[in-house]
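Below is input-v9.txt, which holds compact mmCIF, N, CA, C and O atoms.
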# COMPACT_ATOMS: atom_id res chain seq x y z
N MET A 1 64.83 97.66 68.54
CA MET A 1 66.14 97.93 68.03
C MET A 1 66.99 98.54 69.16
O MET A 1 66.61 99.54 69.75
N LYS A 2 68.12 97.93 69.44
CA LYS A 2 68.99 98.40 70.51
C LYS A 2 69.94 99.46 69.98
O LYS A 2 70.52 99.32 68.91
N ARG A 3 70.09 100.54 70.74
CA ARG A 3 70.94 101.65 70.33
C ARG A 3 72.33 101.47 70.92
O ARG A 3 72.48 101.19 72.10
N THR A 4 73.36 101.63 70.11
CA THR A 4 74.73 101.53 70.59
C THR A 4 75.25 102.92 70.87
O THR A 4 75.03 103.85 70.09
N ILE A 5 75.96 103.06 71.98
CA ILE A 5 76.53 104.36 72.33
C ILE A 5 78.01 104.34 71.99
O ILE A 5 78.74 103.41 72.36
N SER A 6 78.45 105.35 71.29
CA SER A 6 79.86 105.44 70.90
C SER A 6 80.73 105.66 72.13
O SER A 6 80.24 106.03 73.20
N VAL A 7 82.02 105.45 71.96
CA VAL A 7 82.97 105.68 73.05
C VAL A 7 82.90 107.14 73.48
O VAL A 7 82.89 107.45 74.67
N GLU A 8 82.78 108.03 72.50
CA GLU A 8 82.67 109.46 72.82
C GLU A 8 81.40 109.74 73.62
O GLU A 8 81.41 110.49 74.59
N GLY A 9 80.31 109.10 73.24
CA GLY A 9 79.04 109.26 73.96
C GLY A 9 79.14 108.73 75.38
O GLY A 9 78.60 109.33 76.32
N GLN A 10 79.84 107.60 75.55
CA GLN A 10 80.03 107.03 76.90
C GLN A 10 80.88 107.96 77.76
O GLN A 10 80.61 108.14 78.95
N GLN A 11 81.89 108.56 77.16
CA GLN A 11 82.75 109.49 77.90
C GLN A 11 81.97 110.72 78.34
O GLN A 11 82.11 111.20 79.45
N ARG A 12 81.14 111.23 77.40
CA ARG A 12 80.31 112.40 77.71
C ARG A 12 79.36 112.07 78.85
O ARG A 12 79.20 112.86 79.79
N ARG A 13 78.72 110.91 78.76
CA ARG A 13 77.79 110.48 79.80
C ARG A 13 78.51 110.38 81.15
O ARG A 13 78.03 110.87 82.17
N HIS A 14 79.69 109.76 81.15
CA HIS A 14 80.47 109.62 82.38
C HIS A 14 80.86 110.99 82.94
O HIS A 14 80.79 111.23 84.15
N PHE A 15 81.25 111.90 82.05
CA PHE A 15 81.60 113.27 82.44
C PHE A 15 80.45 113.92 83.20
O PHE A 15 80.63 114.48 84.28
N TRP A 16 79.22 113.84 82.64
CA TRP A 16 78.08 114.50 83.25
C TRP A 16 77.60 113.76 84.51
O TRP A 16 77.16 114.39 85.47
N GLU A 17 77.72 112.45 84.52
CA GLU A 17 77.37 111.70 85.75
C GLU A 17 78.24 112.16 86.91
O GLU A 17 77.75 112.39 88.02
N ASN A 18 79.53 112.31 86.64
CA ASN A 18 80.45 112.78 87.69
C ASN A 18 80.11 114.19 88.16
O ASN A 18 80.13 114.47 89.36
N HIS A 19 79.80 115.07 87.21
CA HIS A 19 79.45 116.45 87.58
C HIS A 19 78.13 116.51 88.35
O HIS A 19 78.00 117.26 89.31
N LEU A 20 77.16 115.71 87.93
CA LEU A 20 75.87 115.70 88.64
C LEU A 20 76.04 115.19 90.07
O LEU A 20 75.47 115.73 91.01
N ARG A 21 76.85 114.16 90.24
CA ARG A 21 77.11 113.62 91.58
C ARG A 21 77.82 114.68 92.44
O ARG A 21 77.44 114.93 93.58
N ALA A 22 78.83 115.34 91.85
CA ALA A 22 79.57 116.37 92.57
C ALA A 22 78.67 117.55 92.92
O ALA A 22 78.76 118.12 94.01
N TRP A 23 77.79 117.93 91.99
CA TRP A 23 76.85 119.03 92.26
C TRP A 23 75.95 118.69 93.45
O TRP A 23 75.75 119.52 94.34
N GLN A 24 75.39 117.47 93.48
CA GLN A 24 74.49 117.08 94.56
C GLN A 24 75.20 117.13 95.92
O GLN A 24 74.60 117.46 96.92
N GLU A 25 76.48 116.81 95.93
CA GLU A 25 77.24 116.83 97.18
C GLU A 25 77.74 118.23 97.54
O GLU A 25 78.10 118.49 98.68
N SER A 26 77.75 119.15 96.56
CA SER A 26 78.34 120.48 96.77
C SER A 26 77.47 121.42 97.59
O SER A 26 77.98 122.33 98.24
N GLY A 27 76.15 121.26 97.50
CA GLY A 27 75.27 122.19 98.19
C GLY A 27 75.05 123.48 97.40
O GLY A 27 74.34 124.37 97.87
N LEU A 28 75.64 123.58 96.23
CA LEU A 28 75.48 124.78 95.39
C LEU A 28 74.21 124.66 94.55
O LEU A 28 73.72 123.56 94.30
N SER A 29 73.73 125.81 94.09
CA SER A 29 72.62 125.78 93.13
C SER A 29 73.18 125.25 91.82
O SER A 29 74.40 125.23 91.60
N GLN A 30 72.29 124.86 90.91
CA GLN A 30 72.75 124.37 89.60
C GLN A 30 73.56 125.45 88.88
O GLN A 30 74.65 125.19 88.37
N ALA A 31 73.01 126.66 88.85
CA ALA A 31 73.68 127.76 88.15
C ALA A 31 75.04 128.07 88.80
O ALA A 31 76.04 128.28 88.11
N GLY A 32 75.08 128.06 90.12
CA GLY A 32 76.33 128.33 90.84
C GLY A 32 77.38 127.28 90.56
O GLY A 32 78.56 127.59 90.36
N TYR A 33 76.97 126.03 90.53
CA TYR A 33 77.90 124.94 90.24
C TYR A 33 78.44 125.08 88.81
O TYR A 33 79.65 124.94 88.57
N CYS A 34 77.55 125.39 87.86
CA CYS A 34 77.97 125.54 86.46
C CYS A 34 78.96 126.70 86.31
O CYS A 34 79.97 126.57 85.61
N ARG A 35 78.69 127.83 86.98
CA ARG A 35 79.62 128.97 86.92
C ARG A 35 80.99 128.58 87.48
O ARG A 35 82.01 128.86 86.87
N LYS A 36 80.98 127.91 88.60
CA LYS A 36 82.23 127.54 89.27
C LYS A 36 83.07 126.60 88.41
O LYS A 36 84.30 126.66 88.43
N HIS A 37 82.41 125.73 87.64
CA HIS A 37 83.14 124.71 86.86
C HIS A 37 83.15 125.00 85.36
O HIS A 37 83.60 124.15 84.58
N GLY A 38 82.65 126.18 84.95
CA GLY A 38 82.70 126.56 83.54
C GLY A 38 81.84 125.68 82.65
O GLY A 38 82.21 125.38 81.51
N LEU A 39 80.69 125.27 83.17
CA LEU A 39 79.79 124.39 82.41
C LEU A 39 78.60 125.17 81.86
O LEU A 39 78.18 126.16 82.45
N SER A 40 78.06 124.70 80.76
CA SER A 40 76.85 125.29 80.20
C SER A 40 75.67 124.87 81.07
O SER A 40 75.44 123.67 81.27
N HIS A 41 74.93 125.85 81.58
CA HIS A 41 73.77 125.53 82.43
C HIS A 41 72.72 124.77 81.63
O HIS A 41 72.08 123.86 82.15
N LYS A 42 72.55 125.13 80.36
CA LYS A 42 71.59 124.45 79.50
C LYS A 42 71.93 122.97 79.37
O LYS A 42 71.07 122.10 79.47
N SER A 43 73.22 122.66 79.14
CA SER A 43 73.66 121.27 79.02
C SER A 43 73.50 120.54 80.35
O SER A 43 73.11 119.37 80.39
N PHE A 44 73.79 121.24 81.43
CA PHE A 44 73.65 120.66 82.76
C PHE A 44 72.20 120.19 82.98
O PHE A 44 71.96 119.06 83.41
N VAL A 45 71.25 121.07 82.67
CA VAL A 45 69.84 120.75 82.85
C VAL A 45 69.45 119.57 81.96
O VAL A 45 68.74 118.66 82.38
N TYR A 46 69.92 119.57 80.71
CA TYR A 46 69.61 118.47 79.78
C TYR A 46 70.10 117.14 80.35
O TYR A 46 69.36 116.17 80.41
N TRP A 47 71.35 117.10 80.80
CA TRP A 47 71.91 115.85 81.30
C TRP A 47 71.28 115.45 82.64
O TRP A 47 71.11 114.27 82.92
N LYS A 48 70.93 116.42 83.42
CA LYS A 48 70.26 116.11 84.69
C LYS A 48 68.93 115.41 84.41
O LYS A 48 68.60 114.40 85.02
N LYS A 49 68.17 115.94 83.45
CA LYS A 49 66.88 115.32 83.10
C LYS A 49 67.10 113.93 82.50
O LYS A 49 66.29 113.03 82.70
N SER A 50 68.18 113.76 81.75
CA SER A 50 68.45 112.48 81.09
C SER A 50 68.96 111.42 82.06
O SER A 50 68.64 110.24 81.91
N LEU A 51 69.77 111.83 83.04
CA LEU A 51 70.45 110.84 83.87
C LEU A 51 69.84 110.63 85.25
O LEU A 51 69.92 109.54 85.79
N VAL A 52 69.28 111.67 85.84
CA VAL A 52 68.72 111.55 87.18
C VAL A 52 67.31 111.01 87.05
O VAL A 52 66.49 111.58 86.33
N PRO A 53 67.02 109.87 87.71
CA PRO A 53 65.67 109.31 87.59
C PRO A 53 64.60 110.30 88.06
O PRO A 53 64.82 111.06 89.01
N ALA A 54 63.47 110.26 87.38
CA ALA A 54 62.36 111.14 87.77
C ALA A 54 61.90 110.77 89.17
O ALA A 54 62.03 109.63 89.60
N LYS A 55 61.36 111.75 89.86
CA LYS A 55 60.81 111.49 91.19
C LYS A 55 59.68 110.48 91.09
O LYS A 55 58.99 110.42 90.08
N LEU A 56 59.53 109.70 92.13
CA LEU A 56 58.47 108.69 92.13
C LEU A 56 57.11 109.35 92.01
O LEU A 56 56.87 110.40 92.59
N ALA A 57 56.26 108.72 91.27
CA ALA A 57 54.90 109.23 91.11
C ALA A 57 54.16 109.15 92.44
O ALA A 57 54.37 108.24 93.23
N VAL A 58 53.33 110.12 92.68
CA VAL A 58 52.54 110.15 93.90
C VAL A 58 51.34 109.24 93.70
O VAL A 58 50.68 109.27 92.67
N SER A 59 51.08 108.41 94.68
CA SER A 59 49.89 107.57 94.59
C SER A 59 49.08 107.76 95.87
O SER A 59 49.63 107.98 96.94
N LEU A 60 47.78 107.70 95.71
CA LEU A 60 46.88 107.89 96.84
C LEU A 60 46.45 106.53 97.35
O LEU A 60 46.18 105.62 96.57
N VAL A 61 46.39 106.41 98.64
CA VAL A 61 45.97 105.17 99.26
C VAL A 61 44.77 105.48 100.14
O VAL A 61 44.80 106.40 100.94
N GLU A 62 43.72 104.70 99.97
CA GLU A 62 42.53 104.92 100.79
C GLU A 62 42.79 104.38 102.19
O GLU A 62 43.26 103.26 102.37
N VAL A 63 42.52 105.22 103.17
CA VAL A 63 42.70 104.82 104.56
C VAL A 63 41.33 104.41 105.09
O VAL A 63 40.37 105.18 105.00
N PRO A 64 41.23 103.19 105.61
CA PRO A 64 39.92 102.75 106.09
C PRO A 64 39.45 103.60 107.27
O PRO A 64 40.26 104.05 108.08
N ARG A 65 38.14 103.83 107.30
CA ARG A 65 37.57 104.60 108.41
C ARG A 65 37.61 103.75 109.67
O ARG A 65 37.46 102.54 109.62
N CYS A 66 37.77 104.40 110.78
CA CYS A 66 37.72 103.69 112.05
C CYS A 66 36.94 104.54 113.05
O CYS A 66 36.75 105.72 112.85
N GLN A 67 36.50 103.90 114.08
CA GLN A 67 35.75 104.61 115.11
C GLN A 67 36.72 105.48 115.90
O GLN A 67 37.81 105.04 116.25
N PRO A 68 36.35 106.73 116.14
CA PRO A 68 37.24 107.59 116.93
C PRO A 68 37.37 107.05 118.35
O PRO A 68 36.43 106.48 118.90
N ARG A 69 38.53 107.22 118.91
CA ARG A 69 38.76 106.81 120.29
C ARG A 69 39.04 108.05 121.12
O ARG A 69 39.66 108.98 120.64
N LEU A 70 38.59 108.02 122.33
CA LEU A 70 38.85 109.11 123.24
C LEU A 70 40.14 108.79 123.99
O LEU A 70 40.25 107.75 124.61
N ILE A 71 41.10 109.67 123.88
CA ILE A 71 42.36 109.45 124.58
C ILE A 71 42.41 110.45 125.72
O ILE A 71 42.36 111.66 125.51
N VAL A 72 42.50 109.93 126.91
CA VAL A 72 42.50 110.77 128.11
C VAL A 72 43.89 110.73 128.71
O VAL A 72 44.43 109.65 128.94
N PRO A 73 44.48 111.89 128.98
CA PRO A 73 45.78 111.87 129.65
C PRO A 73 45.65 111.14 131.00
O PRO A 73 44.64 111.28 131.68
N PRO A 74 46.63 110.34 131.38
CA PRO A 74 46.52 109.53 132.58
C PRO A 74 46.35 110.32 133.87
O PRO A 74 45.75 109.85 134.81
N SER A 75 46.84 111.55 133.90
CA SER A 75 46.80 112.29 135.16
C SER A 75 45.50 113.07 135.37
O SER A 75 45.21 113.49 136.47
N LYS A 76 44.73 113.31 134.33
CA LYS A 76 43.54 114.14 134.47
C LYS A 76 42.28 113.36 134.13
O LYS A 76 42.27 112.59 133.17
N PRO A 77 41.22 113.57 134.90
CA PRO A 77 39.96 112.91 134.56
C PRO A 77 39.29 113.61 133.38
O PRO A 77 39.56 114.78 133.10
N LEU A 78 38.44 112.89 132.69
CA LEU A 78 37.63 113.47 131.62
C LEU A 78 36.48 114.21 132.28
O LEU A 78 35.86 113.70 133.20
N ARG A 79 36.20 115.40 131.81
CA ARG A 79 35.13 116.19 132.41
C ARG A 79 34.07 116.50 131.38
O ARG A 79 34.36 117.08 130.34
N LEU A 80 32.84 116.06 131.62
CA LEU A 80 31.71 116.33 130.75
C LEU A 80 30.86 117.40 131.41
O LEU A 80 30.48 117.28 132.56
N MET A 81 30.54 118.44 130.65
CA MET A 81 29.70 119.51 131.18
C MET A 81 28.39 119.51 130.40
O MET A 81 28.37 119.41 129.19
N PHE A 82 27.28 119.63 131.10
CA PHE A 82 25.94 119.70 130.51
C PHE A 82 25.36 121.05 130.87
O PHE A 82 24.72 121.20 131.92
N GLY A 83 25.64 122.01 129.99
CA GLY A 83 25.17 123.37 130.26
C GLY A 83 25.81 123.86 131.55
O GLY A 83 26.96 123.57 131.85
N ASN A 84 25.03 124.61 132.33
CA ASN A 84 25.53 125.11 133.62
C ASN A 84 25.02 124.26 134.77
O ASN A 84 25.28 124.56 135.93
N ARG A 85 24.25 123.23 134.42
CA ARG A 85 23.58 122.46 135.46
C ARG A 85 24.37 121.28 135.99
O ARG A 85 24.40 121.03 137.18
N TYR A 86 24.97 120.50 135.09
CA TYR A 86 25.63 119.26 135.52
C TYR A 86 27.06 119.20 135.00
O TYR A 86 27.36 119.64 133.90
N GLY A 87 27.91 118.59 135.77
CA GLY A 87 29.29 118.30 135.37
C GLY A 87 29.66 116.92 135.89
O GLY A 87 29.34 116.59 137.03
N ILE A 88 30.28 116.13 135.06
CA ILE A 88 30.67 114.78 135.47
C ILE A 88 32.16 114.62 135.21
O ILE A 88 32.63 114.90 134.11
N GLU A 89 32.89 114.17 136.21
CA GLU A 89 34.30 113.85 136.03
C GLU A 89 34.43 112.34 136.00
O GLU A 89 33.91 111.64 136.87
N ILE A 90 35.13 111.85 134.99
CA ILE A 90 35.26 110.41 134.80
C ILE A 90 36.73 110.04 134.92
O ILE A 90 37.57 110.51 134.14
N GLU A 91 37.04 109.20 135.88
CA GLU A 91 38.41 108.73 136.10
C GLU A 91 38.68 107.53 135.20
O GLU A 91 37.76 106.91 134.67
N ARG A 92 39.94 107.18 135.06
CA ARG A 92 40.31 105.98 134.32
C ARG A 92 39.69 104.76 134.97
O ARG A 92 39.53 104.71 136.19
N GLY A 93 39.32 103.80 134.15
CA GLY A 93 38.77 102.56 134.68
C GLY A 93 37.33 102.69 135.13
O GLY A 93 36.85 101.91 135.95
N PHE A 94 36.59 103.70 134.64
CA PHE A 94 35.20 103.92 135.05
C PHE A 94 34.32 102.77 134.56
O PHE A 94 34.68 102.03 133.64
N ASP A 95 33.17 102.65 135.16
CA ASP A 95 32.20 101.62 134.80
C ASP A 95 31.29 102.20 133.71
O ASP A 95 30.51 103.11 133.97
N GLU A 96 31.39 101.66 132.49
CA GLU A 96 30.62 102.20 131.35
C GLU A 96 29.12 102.07 131.56
O GLU A 96 28.36 102.95 131.16
N GLN A 97 28.68 101.00 132.17
CA GLN A 97 27.23 100.80 132.38
C GLN A 97 26.68 101.86 133.32
O GLN A 97 25.60 102.40 133.10
N THR A 98 27.43 102.18 134.35
CA THR A 98 26.97 103.20 135.29
C THR A 98 26.90 104.56 134.61
O THR A 98 25.92 105.30 134.78
N LEU A 99 27.90 104.89 133.81
CA LEU A 99 27.89 106.16 133.09
C LEU A 99 26.72 106.20 132.12
O LEU A 99 26.02 107.21 132.02
N ASP A 100 26.48 105.11 131.43
CA ASP A 100 25.37 105.05 130.47
C ASP A 100 24.04 105.29 131.18
O ASP A 100 23.20 106.06 130.71
N ARG A 101 23.84 104.66 132.34
CA ARG A 101 22.60 104.87 133.11
C ARG A 101 22.47 106.31 133.55
O ARG A 101 21.41 106.91 133.46
N LEU A 102 23.56 106.90 134.03
CA LEU A 102 23.54 108.29 134.48
C LEU A 102 23.18 109.23 133.32
O LEU A 102 22.36 110.13 133.49
N LEU A 103 23.75 109.03 132.15
CA LEU A 103 23.45 109.87 131.01
C LEU A 103 21.98 109.75 130.58
O LEU A 103 21.35 110.75 130.22
N ARG A 104 21.43 108.55 130.65
CA ARG A 104 20.02 108.37 130.31
C ARG A 104 19.13 109.11 131.29
O ARG A 104 18.14 109.75 130.93
N VAL A 105 19.46 109.07 132.57
CA VAL A 105 18.69 109.79 133.57
C VAL A 105 18.74 111.29 133.31
O VAL A 105 17.72 111.99 133.36
N LEU A 106 19.94 111.81 132.99
CA LEU A 106 20.07 113.25 132.70
C LEU A 106 19.29 113.65 131.46
O LEU A 106 18.74 114.75 131.40
N GLU A 107 19.29 112.80 130.43
CA GLU A 107 18.56 113.10 129.20
C GLU A 107 17.06 113.19 129.45
O GLU A 107 16.37 113.97 128.82
N GLU A 108 16.56 112.40 130.39
CA GLU A 108 15.13 112.38 130.67
C GLU A 108 14.67 113.64 131.39
O GLU A 108 13.50 114.00 131.35
N ARG A 109 15.54 114.32 132.03
CA ARG A 109 15.17 115.50 132.80
C ARG A 109 15.03 116.71 131.96
O ARG A 109 15.51 117.15 131.11

Please express the file's structure as structure tokens.
Amino acid sequence: MKRTISVEGQQRRHFWENHLRAWQESGLSQAGYCRKHGLSHKSFVYWKKSLVPAKLAVSLVEVPRCQPRLIVPPSKPLRLMFGNRYGIEIERGFDEQTLDRLLRVLEER
């Protein structure tokens, strides 16, 4: 069943739509705007809830897991420390196979 709005109801709706728009542009609080314009704060809140669309519902999105990447600043080498005994500085463009062999040798010791 469709509801018909009377001319008076349409005028009231238009009145509050204009005030709500003006309030949003004013930078005033709701209460401050109502005081300044002689409006009922209770009516203001009612019409705001009726006319201003509700905020969008929050939805959660699953983010797929990915392998972490090491990001090295271009100007500084990566430095790996193994206790107080060994330190390795790795420059950009290093040979992964050589590093892998070196780490295996260190692990064996």

Selected residue of minimal separation from Phe44 of chain A among A:Leu99, A:Leu20, A:Leu106, A:Ile90, counting only N, CA, C and O atoms: A:Leu20

Taking the chain letters and numbering used in this document, name the residues of chain A that DSSP puts in strand (DSSP E or B), as a VMD selection string. chain A and resid 78 to 82 86 to 90

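From atom O of Asn18 of chain A back to atom N of Ala31 of chain A, the distance works out to 14.1 Å.
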
Computed gap from atom CA of Cys66 of chain A to atom CA of Leu78 of chain A is 21.9 Å
